[in-house]
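For reference, coords-v2.csv (CSV, C-alpha atoms):
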chain,number,residue,atom,x,y,z
A,1,MET,CA,230.2,175.3,-93.8
A,2,LYS,CA,232.5,173.4,-96.1
A,3,ASN,CA,235.5,174.5,-94.1
A,4,ILE,CA,233.9,173.1,-90.9
A,5,GLY,CA,233.3,169.8,-92.6
A,6,GLU,CA,236.9,169.7,-94.0
A,7,ASN,CA,238.2,170.4,-90.5
A,8,VAL,CA,236.2,167.6,-88.9
A,9,VAL,CA,237.6,165.1,-91.4
A,10,ARG,CA,241.2,166.4,-91.0
A,11,ILE,CA,241.0,166.1,-87.2
A,12,GLU,CA,239.7,162.5,-87.4
A,13,ALA,CA,242.3,161.6,-90.0
A,14,GLU,CA,245.0,162.9,-87.7
A,15,ALA,CA,243.6,160.8,-84.9
A,16,LEU,CA,243.8,157.7,-87.1
A,17,ARG,CA,247.3,158.6,-88.2
A,18,ALA,CA,248.3,158.8,-84.5
A,19,LEU,CA,246.6,155.5,-83.8
A,20,ALA,CA,248.5,153.8,-86.6
A,21,ASP,CA,251.8,155.1,-85.2
A,22,ARG,CA,250.9,153.7,-81.8
A,23,ILE,CA,250.0,150.3,-83.2
A,24,GLY,CA,253.3,150.2,-85.0
A,25,GLY,CA,255.2,151.6,-82.0
A,26,SER,CA,254.3,152.1,-78.3
A,27,MET,CA,251.2,150.0,-78.4
A,28,ALA,CA,252.6,147.2,-80.6
A,29,THR,CA,253.0,144.7,-77.7
A,30,ALA,CA,249.6,145.4,-76.2
A,31,PHE,CA,248.0,145.1,-79.7
A,32,GLN,CA,249.7,141.7,-80.2
A,33,GLN,CA,248.6,140.5,-76.8
A,34,ALA,CA,245.0,141.4,-77.5
A,35,VAL,CA,245.2,139.5,-80.8
A,36,GLU,CA,246.6,136.5,-79.1
A,37,LEU,CA,243.9,136.5,-76.4
A,38,MET,CA,241.1,136.7,-79.0
A,39,PHE,CA,242.8,134.1,-81.3
A,40,ALA,CA,243.1,131.6,-78.4
A,41,CYS,CA,239.5,132.3,-77.3
A,42,ALA,CA,237.6,129.0,-77.0
A,43,GLY,CA,234.3,130.7,-76.7
A,44,ARG,CA,233.2,134.1,-78.1
A,45,VAL,CA,234.5,137.6,-77.9
A,46,VAL,CA,231.9,139.6,-75.9
A,47,VAL,CA,232.1,143.2,-76.9
A,48,THR,CA,230.5,145.8,-74.6
A,49,GLY,CA,230.2,149.6,-74.4
A,50,MET,CA,227.7,152.3,-73.3
A,51,GLY,CA,226.3,155.1,-75.4
A,52,LYS,CA,228.2,156.0,-78.5
A,53,SER,CA,230.9,153.5,-77.5
A,54,GLY,CA,228.1,150.9,-77.4
A,55,LEU,CA,227.2,151.6,-81.0
A,56,ILE,CA,230.9,151.2,-82.0
A,57,ALA,CA,231.0,148.0,-79.9
A,58,ARG,CA,228.0,146.6,-81.9
A,59,LYS,CA,229.8,147.2,-85.2
A,60,ILE,CA,233.1,145.7,-83.9
A,61,ALA,CA,231.2,142.5,-82.8
A,62,ALA,CA,229.5,142.3,-86.2
A,63,THR,CA,232.9,142.7,-88.0
A,64,LEU,CA,234.5,140.1,-85.9
A,65,SER,CA,231.7,137.6,-86.5
A,66,SER,CA,231.7,138.1,-90.3
A,67,THR,CA,235.5,137.6,-90.5
A,68,GLY,CA,235.7,134.3,-88.6
A,69,THR,CA,235.9,135.3,-84.9
A,70,PRO,CA,232.6,134.4,-83.1
A,71,ALA,CA,231.5,137.5,-81.2
A,72,LEU,CA,228.4,139.1,-79.7
A,73,TYR,CA,227.4,142.5,-78.3
A,74,LEU,CA,226.5,142.7,-74.6
A,75,HIS,CA,224.6,145.8,-73.4
A,76,PRO,CA,226.2,146.7,-70.0
A,77,VAL,CA,222.8,147.8,-68.5
A,78,GLU,CA,221.0,144.6,-69.7
A,79,ALA,CA,224.0,142.7,-68.4
A,80,LEU,CA,223.4,144.0,-64.9
A,81,HIS,CA,219.8,142.6,-65.1
A,82,GLY,CA,220.5,139.1,-66.2
A,83,ASP,CA,222.3,139.2,-69.5
A,84,LEU,CA,225.7,138.6,-67.8
A,85,GLY,CA,224.7,134.9,-68.2
A,86,MET,CA,225.9,135.3,-71.8
A,87,VAL,CA,229.5,135.5,-70.5
A,88,VAL,CA,231.1,132.2,-69.6
A,89,ARG,CA,234.5,130.8,-69.0
A,90,GLY,CA,236.4,130.5,-72.3
A,91,ASP,CA,235.1,133.9,-73.5
A,92,VAL,CA,237.1,137.1,-73.9
A,93,VAL,CA,235.5,140.5,-73.0
A,94,LEU,CA,236.4,143.5,-75.1
A,95,ALA,CA,235.2,146.7,-73.2
A,96,LEU,CA,235.0,150.1,-74.8
A,97,SER,CA,234.9,153.3,-72.7
A,98,ALA,CA,236.4,156.6,-73.8
A,99,SER,CA,236.9,157.7,-70.2
A,100,GLY,CA,237.6,154.3,-68.7
A,101,GLU,CA,235.3,155.3,-65.9
A,102,THR,CA,231.9,154.4,-67.3
A,103,GLU,CA,229.9,153.2,-64.3
A,104,GLU,CA,227.9,150.6,-66.1
A,105,ILE,CA,231.1,149.0,-67.5
A,106,LEU,CA,232.9,149.1,-64.1
A,107,ALA,CA,229.9,147.4,-62.5
A,108,LEU,CA,230.7,144.3,-64.6
A,109,LEU,CA,234.3,144.0,-63.4
A,110,ALA,CA,233.6,141.9,-60.4
A,111,THR,CA,231.7,139.2,-62.4
A,112,ILE,CA,234.4,139.3,-65.2
A,113,LYS,CA,237.1,138.7,-62.6
A,114,ARG,CA,235.1,136.0,-60.8
A,115,LEU,CA,234.7,134.1,-64.1
A,116,ARG,CA,238.4,134.6,-64.8
A,117,VAL,CA,237.5,135.9,-68.3
A,118,PRO,CA,240.3,137.8,-69.9
A,119,LEU,CA,239.5,141.5,-70.3
A,120,ILE,CA,240.7,143.8,-73.1
A,121,ALA,CA,240.0,147.5,-72.6
A,122,MET,CA,239.8,150.2,-75.2
A,123,THR,CA,240.0,153.6,-73.5
A,124,GLY,CA,241.2,157.1,-74.2
A,125,ASP,CA,243.5,157.0,-71.2
A,126,GLU,CA,246.3,159.1,-72.6
A,127,MET,CA,243.8,161.9,-73.3
A,128,ASN,CA,242.2,161.6,-69.9
A,129,ARG,CA,245.5,161.7,-68.1
A,130,VAL,CA,246.2,165.1,-69.5
A,131,ALA,CA,242.6,166.3,-68.9
A,132,ARG,CA,242.4,165.0,-65.3
A,133,ALA,CA,245.9,165.9,-64.1
A,134,PRO,CA,245.2,167.8,-60.8
A,135,SER,CA,246.2,171.5,-60.7
A,136,PRO,CA,248.6,172.6,-57.9
A,137,ALA,CA,245.8,174.4,-56.2
A,138,ASN,CA,243.6,171.3,-56.0
A,139,ALA,CA,246.2,168.6,-55.6
A,140,GLY,CA,245.7,168.3,-51.9
A,141,SER,CA,241.9,168.8,-51.7
A,142,SER,CA,239.5,165.9,-50.9
A,143,GLY,CA,237.3,166.8,-53.9
A,144,GLY,CA,233.9,166.7,-52.2
A,145,GLY,CA,230.6,166.2,-53.9
A,146,LYS,CA,230.8,164.3,-57.2
A,147,GLY,CA,234.5,163.8,-56.8
A,148,THR,CA,233.9,162.0,-53.4
A,149,THR,CA,231.3,159.7,-55.1
A,150,LYS,CA,233.8,158.8,-57.8
A,151,ALA,CA,236.5,158.1,-55.2
A,152,ALA,CA,234.1,155.8,-53.3
A,153,ALA,CA,233.3,154.0,-56.5
A,154,LYS,CA,236.9,153.4,-57.3
A,155,GLN,CA,237.5,151.7,-53.9
A,156,SER,CA,235.4,148.8,-55.2
A,157,VAL,CA,238.0,148.0,-57.9
A,158,ASP,CA,239.8,144.7,-57.1
A,159,LYS,CA,243.3,144.6,-55.6
A,160,ALA,CA,244.9,143.6,-59.0
A,161,ALA,CA,243.7,146.9,-60.5
A,162,LEU,CA,245.0,148.9,-57.5
A,163,ARG,CA,248.4,147.3,-57.8
A,164,PHE,CA,248.4,148.1,-61.5
A,165,GLN,CA,247.6,151.8,-60.6
A,166,ALA,CA,250.4,151.9,-58.1
A,167,LYS,CA,252.9,150.4,-60.6
A,168,SER,CA,251.9,153.0,-63.2
A,169,LYS,CA,252.3,155.8,-60.7
A,170,SER,CA,255.7,154.7,-59.8
A,171,ALA,CA,256.8,154.0,-63.4
A,172,GLY,CA,257.3,157.7,-63.9
A,173,GLU,CA,254.4,159.1,-65.8
A,174,GLY,CA,255.3,162.4,-64.3
A,175,ALA,CA,253.0,165.5,-64.1
A,176,ARG,CA,250.8,164.1,-66.9
A,177,SER,CA,249.2,161.3,-64.8
A,178,THR,CA,248.7,160.0,-61.3
A,179,ARG,CA,247.1,156.7,-62.4
A,180,ALA,CA,245.5,154.7,-65.2
A,181,SER,CA,241.7,154.8,-65.6
A,182,THR,CA,239.8,152.2,-63.5
A,183,LEU,CA,238.9,150.1,-66.6
A,184,ALA,CA,242.4,150.2,-68.1
A,185,ALA,CA,243.9,149.3,-64.7
A,186,ALA,CA,241.6,146.3,-64.3
A,187,ALA,CA,242.2,145.0,-67.8
A,188,ASP,CA,244.6,142.2,-68.8
A,189,VAL,CA,245.4,144.3,-71.9
A,190,ALA,CA,244.7,148.0,-72.2
A,191,LEU,CA,244.6,149.5,-75.7
A,192,ASP,CA,245.1,153.3,-76.1
A,193,CYS,CA,242.4,155.1,-78.1
A,194,SER,CA,243.4,158.5,-77.0
A,195,ILE,CA,243.0,161.5,-79.3
A,196,ALA,CA,244.4,165.1,-79.3
A,197,GLU,CA,241.0,166.6,-79.7
A,198,GLU,CA,237.4,165.8,-80.7
A,199,ALA,CA,236.2,167.1,-84.1
A,200,CYS,CA,233.1,168.6,-82.4
A,201,SER,CA,233.6,172.4,-82.2
A,202,LEU,CA,232.5,172.2,-78.6
A,203,GLY,CA,234.9,169.3,-77.9
A,204,LEU,CA,232.0,167.4,-76.3
A,205,ALA,CA,230.3,165.1,-78.9
A,206,PRO,CA,232.3,161.8,-79.4
A,207,THR,CA,233.7,162.1,-83.0
A,208,ALA,CA,237.4,161.5,-83.4
A,209,SER,CA,237.3,159.2,-80.3
A,210,THR,CA,234.6,156.9,-81.7
A,211,THR,CA,236.3,156.9,-85.1
A,212,THR,CA,239.5,155.8,-83.5
A,213,MET,CA,237.7,153.0,-81.5
A,214,LEU,CA,236.1,151.8,-84.7
A,215,ALA,CA,239.4,151.7,-86.6
A,216,LEU,CA,241.1,149.9,-83.8
A,217,GLY,CA,238.3,147.3,-83.8
A,218,ASP,CA,238.7,146.8,-87.5
A,219,ALA,CA,242.5,146.5,-87.1
A,220,LEU,CA,241.9,143.7,-84.5
A,221,ALA,CA,239.3,141.9,-86.7
A,222,VAL,CA,241.4,142.0,-89.9
A,223,THR,CA,244.6,140.9,-88.1
A,224,LEU,CA,242.6,138.0,-86.5
A,225,SER,CA,241.2,137.1,-89.9
A,226,GLU,CA,244.7,136.9,-91.5
A,227,LYS,CA,246.0,134.9,-88.5
A,228,ARG,CA,243.2,132.4,-88.9
A,229,GLY,CA,243.8,132.0,-92.7
A,230,PHE,CA,240.3,133.3,-93.4
A,231,LYS,CA,239.6,132.9,-97.1
A,232,GLU,CA,237.1,134.3,-99.6
A,233,GLU,CA,235.1,131.2,-99.6
A,234,ASP,CA,234.8,131.4,-95.8
A,235,PHE,CA,233.6,134.9,-96.1
A,236,ALA,CA,231.0,133.8,-98.7
A,237,ASN,CA,229.7,131.0,-96.3
A,238,LEU,CA,229.0,133.7,-93.7
A,239,HIS,CA,227.2,136.0,-96.1
A,240,PRO,CA,224.4,134.0,-97.8
A,241,GLY,CA,221.9,136.9,-97.9
A,242,GLY,CA,221.7,140.3,-99.7
A,243,LYS,CA,223.6,141.5,-102.7
A,244,LEU,CA,227.0,140.4,-101.4
A,245,GLY,CA,225.7,136.9,-100.7
A,246,LYS,CA,224.3,136.6,-104.2
A,247,ARG,CA,227.6,137.7,-105.8
A,248,LEU,CA,229.4,135.1,-103.7
A,249,ALA,CA,226.9,132.3,-104.4
A,250,ARG,CA,228.2,128.9,-105.2
A,251,VAL,CA,227.4,126.9,-108.3
A,252,GLU,CA,225.8,124.2,-106.2
A,253,SER,CA,223.2,126.6,-105.0
A,254,LEU,CA,222.2,127.6,-108.6
A,255,MET,CA,222.6,124.4,-110.7
A,256,HIS,CA,219.8,122.2,-112.0
A,257,SER,CA,220.1,118.7,-110.6
A,258,GLY,CA,218.0,115.5,-110.2
A,259,ASP,CA,215.0,115.3,-112.4
A,260,ALA,CA,215.6,118.9,-113.7
A,261,LEU,CA,218.9,117.8,-115.2
A,262,PRO,CA,218.6,116.9,-119.0
A,263,ARG,CA,220.6,113.7,-119.7
A,264,VAL,CA,220.6,110.9,-122.3
A,265,ALA,CA,222.7,107.8,-122.9
A,266,PRO,CA,225.1,107.6,-125.9
A,267,LYS,CA,222.8,105.1,-127.7
A,268,THR,CA,219.7,107.3,-127.4
A,269,LYS,CA,218.2,108.2,-130.8
A,270,MET,CA,218.0,111.8,-131.8
A,271,PRO,CA,214.2,112.1,-131.6
A,272,GLU,CA,214.4,111.2,-127.9
A,273,VAL,CA,217.3,113.6,-127.5
A,274,ILE,CA,215.3,116.5,-128.9
A,275,TYR,CA,212.4,115.6,-126.7
A,276,GLU,CA,214.6,115.6,-123.6
A,277,MET,CA,216.1,119.0,-124.5
A,278,SER,CA,212.6,120.4,-125.1
A,279,ARG,CA,211.2,119.0,-121.9
A,280,LYS,CA,213.9,120.3,-119.6
A,281,LYS,CA,214.0,123.7,-121.4
A,282,LEU,CA,217.7,124.4,-121.0
A,283,GLY,CA,218.7,124.2,-124.7
A,284,VAL,CA,221.2,121.5,-123.9
A,285,THR,CA,221.5,117.9,-122.7
A,286,ALA,CA,224.3,116.0,-121.1
A,287,VAL,CA,225.3,112.6,-122.5
A,288,VAL,CA,226.3,110.2,-119.8
A,289,GLU,CA,227.6,106.7,-119.7
A,290,GLY,CA,226.4,105.3,-116.4
A,291,LEU,CA,227.0,108.4,-114.1
A,292,LYS,CA,230.0,109.7,-116.0
A,293,LEU,CA,229.7,112.7,-118.3
A,294,VAL,CA,231.0,111.9,-121.8
A,295,GLY,CA,229.6,114.8,-123.9
A,296,ILE,CA,226.8,117.3,-124.5
A,297,ILE,CA,224.4,118.2,-127.3
A,298,SER,CA,223.2,121.8,-127.5
A,299,ASP,CA,220.7,123.7,-129.7
A,300,GLY,CA,223.7,125.0,-131.7
A,301,ASP,CA,224.9,121.5,-132.3
A,302,LEU,CA,221.5,120.5,-133.7
A,303,ARG,CA,221.4,123.5,-136.0
A,304,ARG,CA,224.8,122.8,-137.4
A,305,LEU,CA,224.0,119.1,-137.9
A,306,LEU,CA,220.7,119.9,-139.7
A,307,GLU,CA,222.6,122.3,-142.0
A,308,LYS,CA,225.2,119.6,-142.8
A,309,ARG,CA,223.1,116.4,-142.9
A,310,GLY,CA,219.4,117.5,-143.2
A,311,LYS,CA,216.8,115.0,-142.1
A,312,ASP,CA,219.4,112.2,-141.7
A,313,VAL,CA,220.2,113.8,-138.4
A,314,LEU,CA,217.2,111.9,-136.9
A,315,ASP,CA,219.0,108.6,-137.6
A,316,LEU,CA,222.0,109.5,-135.5
A,317,THR,CA,222.5,108.5,-131.8
A,318,ALA,CA,223.5,110.9,-129.1
A,319,GLY,CA,227.0,109.5,-129.0
A,320,GLU,CA,227.4,110.3,-132.7
A,321,ALA,CA,226.0,113.8,-132.5
A,322,MET,CA,227.6,114.9,-129.2
A,323,THR,CA,230.4,117.3,-128.5
A,324,LYS,CA,233.1,115.4,-126.5
A,325,ASN,CA,235.1,116.9,-123.6
A,326,PRO,CA,232.6,119.7,-122.8
A,327,ARG,CA,233.5,122.6,-120.5
A,328,THR,CA,232.8,121.7,-116.8
A,329,ILE,CA,233.0,123.3,-113.4
A,330,SER,CA,232.8,122.0,-109.8
A,331,ALA,CA,229.8,122.5,-107.5
A,332,GLY,CA,232.0,124.4,-105.0
A,333,GLU,CA,233.1,127.1,-107.4
A,334,PHE,CA,231.7,130.7,-107.2
A,335,ALA,CA,229.0,131.8,-109.6
A,336,ALA,CA,231.3,134.6,-110.7
A,337,THR,CA,233.8,131.9,-111.8
A,338,ALA,CA,231.1,130.1,-113.8
A,339,LEU,CA,230.1,133.4,-115.5
A,340,ALA,CA,233.7,134.3,-116.4
A,341,LEU,CA,234.2,130.8,-118.0
A,342,MET,CA,231.0,131.2,-120.0
A,343,GLU,CA,232.0,134.6,-121.3
A,344,GLU,CA,235.5,133.4,-122.2
A,345,LYS,CA,234.3,130.3,-124.1
A,346,LYS,CA,231.1,132.1,-125.5
A,347,ILE,CA,228.8,129.4,-124.1
A,348,THR,CA,225.5,129.6,-122.2
A,349,SER,CA,225.8,126.6,-119.9
A,350,LEU,CA,228.4,124.5,-117.9
A,351,MET,CA,228.2,120.9,-116.8
A,352,VAL,CA,228.8,120.4,-113.1
A,353,VAL,CA,231.0,117.4,-112.2
A,354,ASP,CA,232.9,116.0,-109.3
A,355,SER,CA,236.6,115.1,-109.3
A,356,HIS,CA,235.8,111.7,-111.0
A,357,GLU,CA,233.8,113.4,-113.8
A,358,LYS,CA,230.5,112.2,-112.3
A,359,LEU,CA,227.7,114.5,-113.5
A,360,GLU,CA,226.1,116.4,-110.7
A,361,GLY,CA,224.2,119.2,-112.4
A,362,ILE,CA,224.1,121.9,-115.0
A,363,VAL,CA,224.3,125.7,-114.5
A,364,HIS,CA,222.9,128.0,-117.2
A,365,LEU,CA,223.5,131.6,-117.9
A,366,HIS,CA,219.9,132.4,-117.0
A,367,ASP,CA,220.5,131.0,-113.5
A,368,LEU,CA,223.1,133.7,-112.9
A,369,TRP,CA,220.6,136.5,-113.3
A,370,SER,CA,219.5,136.2,-109.7
A,371,THR,CA,223.0,136.8,-108.6
A,372,GLU,CA,223.1,140.3,-110.2
A,373,LEU,CA,226.2,139.3,-112.0
A,374,VAL,CA,224.5,139.4,-115.3
Transcribe the structure of this file into structure tokens.
Amino acid sequence: MKNIGENVVRIEAEALRALADRIGGSMATAFQQAVELMFACAGRVVVTGMGKSGLIARKIAATLSSTGTPALYLHPVEALHGDLGMVVRGDVVLALSASGETEEILALLATIKRLRVPLIAMTGDEMNRVARAPSPANAGSSGGGKGTTKAAAKQSVDKAALRFQAKSKSAGEGARSTRASTLAAAADVALDCSIAEEACSLGLAPTASTTTMLALGDALAVTLSEKRGFKEEDFANLHPGGKLGKRLARVESLMHSGDALPRVAPKTKMPEVIYEMSRKKLGVTAVVEGLKLVGIISDGDLRRLLEKRGKDVLDLTAGEAMTKNPRTISAGEFAATALALMEEKKITSLMVVDSHEKLEGIVHLHDLWSTELV
């Protein structure tokens, strides 16, 4: 059993290696054209596919959306019953079909062309050309039955697709192919997801083919992300929920502000300072002059002052007891950055200020527990 599992992974790995070679070689121009079309898209990238390809299409749409390229998944059957209204001018359609002959996808072509929406196809054309090449014995037959039905269906493809097929035929693909698949022929950009073999022992279940489609979708999404200059903070803004969202939380979403923020003026007497610290229960208070942060007083500061001066501490003002130039952080920083600073300086809280040192809040070590960083 382990040998079967090993073989499956090796076949799929080989399919991915071949895909990488194509992206860097024969498919480089088509890949770049696909990226440019999606980058220039004023609307959304509409990803569609049927069956297993549909499941991959859903994931590609999700990956695009989470990395800065607005995208949605369109089920081709639902599209034929009204959901085609999701597609508007300005969008780009990315259609997945291993055979390039999926009837539900081909039925969308007329509307896509009418809307003048650019179409990018992911098909296994290279594989299908080998598999579908007619044998000498059958080359002249009319096909009959199912073949006749398919031939009739292909007659509905628009003239542009037919011209593309004729061009491919005359371009010298030799005995391996007579034409591109219908979907690839109709597309503005056709991306090759062909494989040498499926990892399924029967050669039937989509395995290496869907893995290749998924990887090609990731390649497009990451390339677009880089081209857009998508940053870590942009990723965080699109992932507010779950463990990832918590780890990428901003200080502004965790800090205490408004009435929950302990603060006193420099002339405030120590009994009132202690009362403010006790009431706000953060073990620290900010000392502000107007709106500007000028210092802090912590529980530790109070203990050290009591050891040094005894009960005379109560005669001091906040300005006399405070620690000047406290550690601060901006509201837009990540919670992880706040934690790293606390650990480095061995402190339990940070004052949150703007670029003009105006006090905006305070973030405490306890506040970071909810982020699962602590």
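Distance annotation: of A:Leu214, A:Ile329, A:Leu306, A:Ala321, the residue with the minimal separation from Lys267 in chain A is A:Ala321; atom set is only C-alpha atoms.
Comparing A:Ser53, A:Ser330, A:Thr48, A:Asn7 by their smallest distance to Tyr73 in chain A, the closest is A:Thr48 (using all atoms listed in the file).
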Legend entry - For CA of Ala95 in chain A and CA of Phe39 in chain A, the interatomic separation in Å (one decimal):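 One can read the CA of Ala95 in chain A to CA of Phe39 in chain A distance as 16.8 Å.
Distances to Asp315 in chain A were evaluated for A:Val251, A:Leu368, A:Val273, A:Ala186 using all atoms listed in the file, and the minimum falls at A:Val273.
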Inset, instruction - Compare A:Ala30, A:Val47, A:Cys41, A:Leu72 by their minimum atom-to-atom distance to Gly217 in chain A, counting only C-alpha atoms, and give me the closest one. - result: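 Selected residue with least distance to Gly217 in chain A: A:Val47.
Counting from CA of Lys292 in chain A, the distance to CA of His356 in chain A is 7.9 Å.
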